[in-house]
Structures are given as C-alpha cells and as structure tokens.
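Everything below concerns the one structure shown next.
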Amino acid sequence: MSAGPIIKILLADDHFVVRMGLSTLINTQSDMTVVAEATNGKQAVEMFRAHKPDVTLMDLRMPEMNGVDAIIAIRGEDPDARIIVLTTYDGDEDIYRAFQGGARAYLLKDMHHDELLSAIRAVHQGQRFVPAAIANRLAERMPRSKLTARELDVLRLIVKGMSNREIAASLGITEGTVKIHVNNVLGKLGVNDRTKAATTALQRGIVHLK
C-alpha cells in the first residue's frame with residue numbers, strides 16, 4: 001500500500017472464526033499487521049497495555065467485560081487510543097454508548113472488507129469513520145428523557161416477561177410503584193404497551209438478552 005509505517009492492530013472478539021477471518025484479511029495488507037488478539041474485554045485491555053496497538057477492532061458483546069467498558073478502560077489509560085467497534089448490533093443505544101465511550105468508528109460485521117480497511121486507515125490518521133447507515137441510526141436516536149436506574153431495572157424484567165406482581169417481588173417494591181415505573185417507561189420509549197416496550201428495548205440496544 002505504502003512505504004509508511006505499518007499500522008499495528010489489536011483484534012478483540014470472542015469468536016475464533018471472526019478473529020481468523022479478520023487477521024487473514026489484515027495481514028494481506030502491506031501497510032498493516034495484527035499484533036495481538038483478545039477473546040474478551042478484560043483481555044483486550046491487558047493486550048492493549050502490553051502491545052500499544054495503533055488501532056483496535058472491538059466487538060461489543062464479549063465475556064468478562066463488554067466492548068464499551070473495555071473502550072472506556074483503555075481510553076482511561078490512553079486518551080488517544082484509536083478504537084473501531086466491529087459488531088452485529090445496530091441499535092441506536094449501542095451506537096450512542098460506543099461513541100460516548102470513545103470509539104472513533106462503528107462498523108457492522110456484514111460490511112464489505114474494503115470499508116473495514118478504509119476505516120482502519122482513516123482512524124489511524126486520526127479521523128472518524130461513520131458509515132451513512134450508522135449516522136442515520138444515531139440521528140434517529142429518540143430525544144426522550146433517559147430512563148432512571150430503577151426504570152431500567154423494571155424494563156429488563158418486562159423484557160423477561162414478568163408481571164407487575166413478579167417485578168414487585170423481584171425488586172422489593174410495591175405493585176403500585178411498579179405501575180408508576182411501567183408508565184414512565186412506556187412514555188419515555190413512546191410506546192403503548194409492555195410488548196412494544198420489550199421489542200423497542202431490544203431493537204434499540206437498551207436491553208440485551210443474556
């Protein structure tokens with residue numbers, strides 16, 4: 001590609017086949033090389049500390065520590081760390097949290113390989129790389145009040161299919177209080193019923209099924 005410095009890359013993904021495919025693609029490029037691979041977020045932080053890569057490709061859903069927490073931890077140690085999120089999740093809350101955490105780019109795993117290589121080179125040069133589809137999802141992010149911690153607790157249990165009575169027992173609060181929280185959740189999500197609230201929470205990445 002060029003006679004310039006080689007871009008050192010860290011891969012963080014818990015799927016071996018994904019890492020192998022990425023490593024094979026990257027190592028065919030004359031201007032970049034994979035210097036380390038991590039299988040979870042905690043290991044990604046450790047590998048970053050040990051290898052000081054120029055660019056890190058970070059999955060969002062990994063064991064021990066998720067991608068956003070790993071990004072925050074890495075940038076806490078190195079504010080100039082250049083990190084690209086590479087994931088299957090396209091919910092607007094996932095995207096928002098990743099950029100809030102310090103990601104420089106957000107790509108979906110079904111993108112064309114040329115787009116990934118372009119993103120790596122752009123981020124290495126200090127640029128951001130936000131595909132149009134991702135920018136649109138971020139722009140569509142609902143400007144509603146943030147859910148409180150308790151409302152998030154209630155929403156997670158709604159997603160699990162619990163009734164108000166079961167939620168009350170699980171959280172140690174009254175059914176009346178649960179009803180208030182449920183109404184607040186519906187209002188903030190802009191939906192009319194619990195089923196739609198659960199669907200919206202999953203689609204937007206507010207809640208994830210374990």
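Please note that chains go A, B, ... in the order of the structure tokens, that every chain numbers its residues from 1, and that ligands are numbered from 1 in the order shown.
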Shell around segment 131-133 of chain A at 10 Å using only C-alpha atoms, local window under 5 positions removed, as a PyMOL selection string: chain A and resi 90+105-108+111+115+119+138-139
Residue subset to file, keeping C-alpha atoms, as a JSON list (two decimals), in the first residue's frame:
[["chain", "number", "residue", "atom", "x", "y", "z"],
["A", 90, "ASP", "CA", -27.02, -1.75, 15.15],
["A", 105, "ALA", "CA", -15.72, 4.33, 14.18],
["A", 106, "TYR", "CA", -18.66, 1.90, 14.27],
["A", 107, "LEU", "CA", -18.95, -0.87, 11.70],
["A", 108, "LEU", "CA", -21.27, -3.83, 11.29],
["A", 111, "MET", "CA", -19.80, -4.57, 5.76],
["A", 115, "GLU", "CA", -14.91, -0.48, 4.04],
["A", 119, "ALA", "CA", -11.93, 2.65, 8.30],
["A", 138, "LEU", "CA", -27.63, 7.80, 15.59],
["A", 139, "ALA", "CA", -29.56, 10.78, 14.20]]
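Atom pair atom CA of His15 of chain A / atom CA of Ile84 of chain A: separated by 16.9 Å.
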Determine which residues of chain A receive a DSSP assignment of helix (DSSP H, G or I), computed from the backbone, and state them as a VMD selection string. chain A and resid 16 to 27 41 to 51 67 to 77 92 to 101 113 to 124 132 to 139 149 to 159 164 to 171 175 to 189 194 to 204
Near His181 of chain A, within 9 Å and counting only C-alpha atoms, which residues show up once chain neighbours fewer than 2 positions away are dropped, as a ChimeraX atom specification? /A:150-151,154-155,176-179,183-186
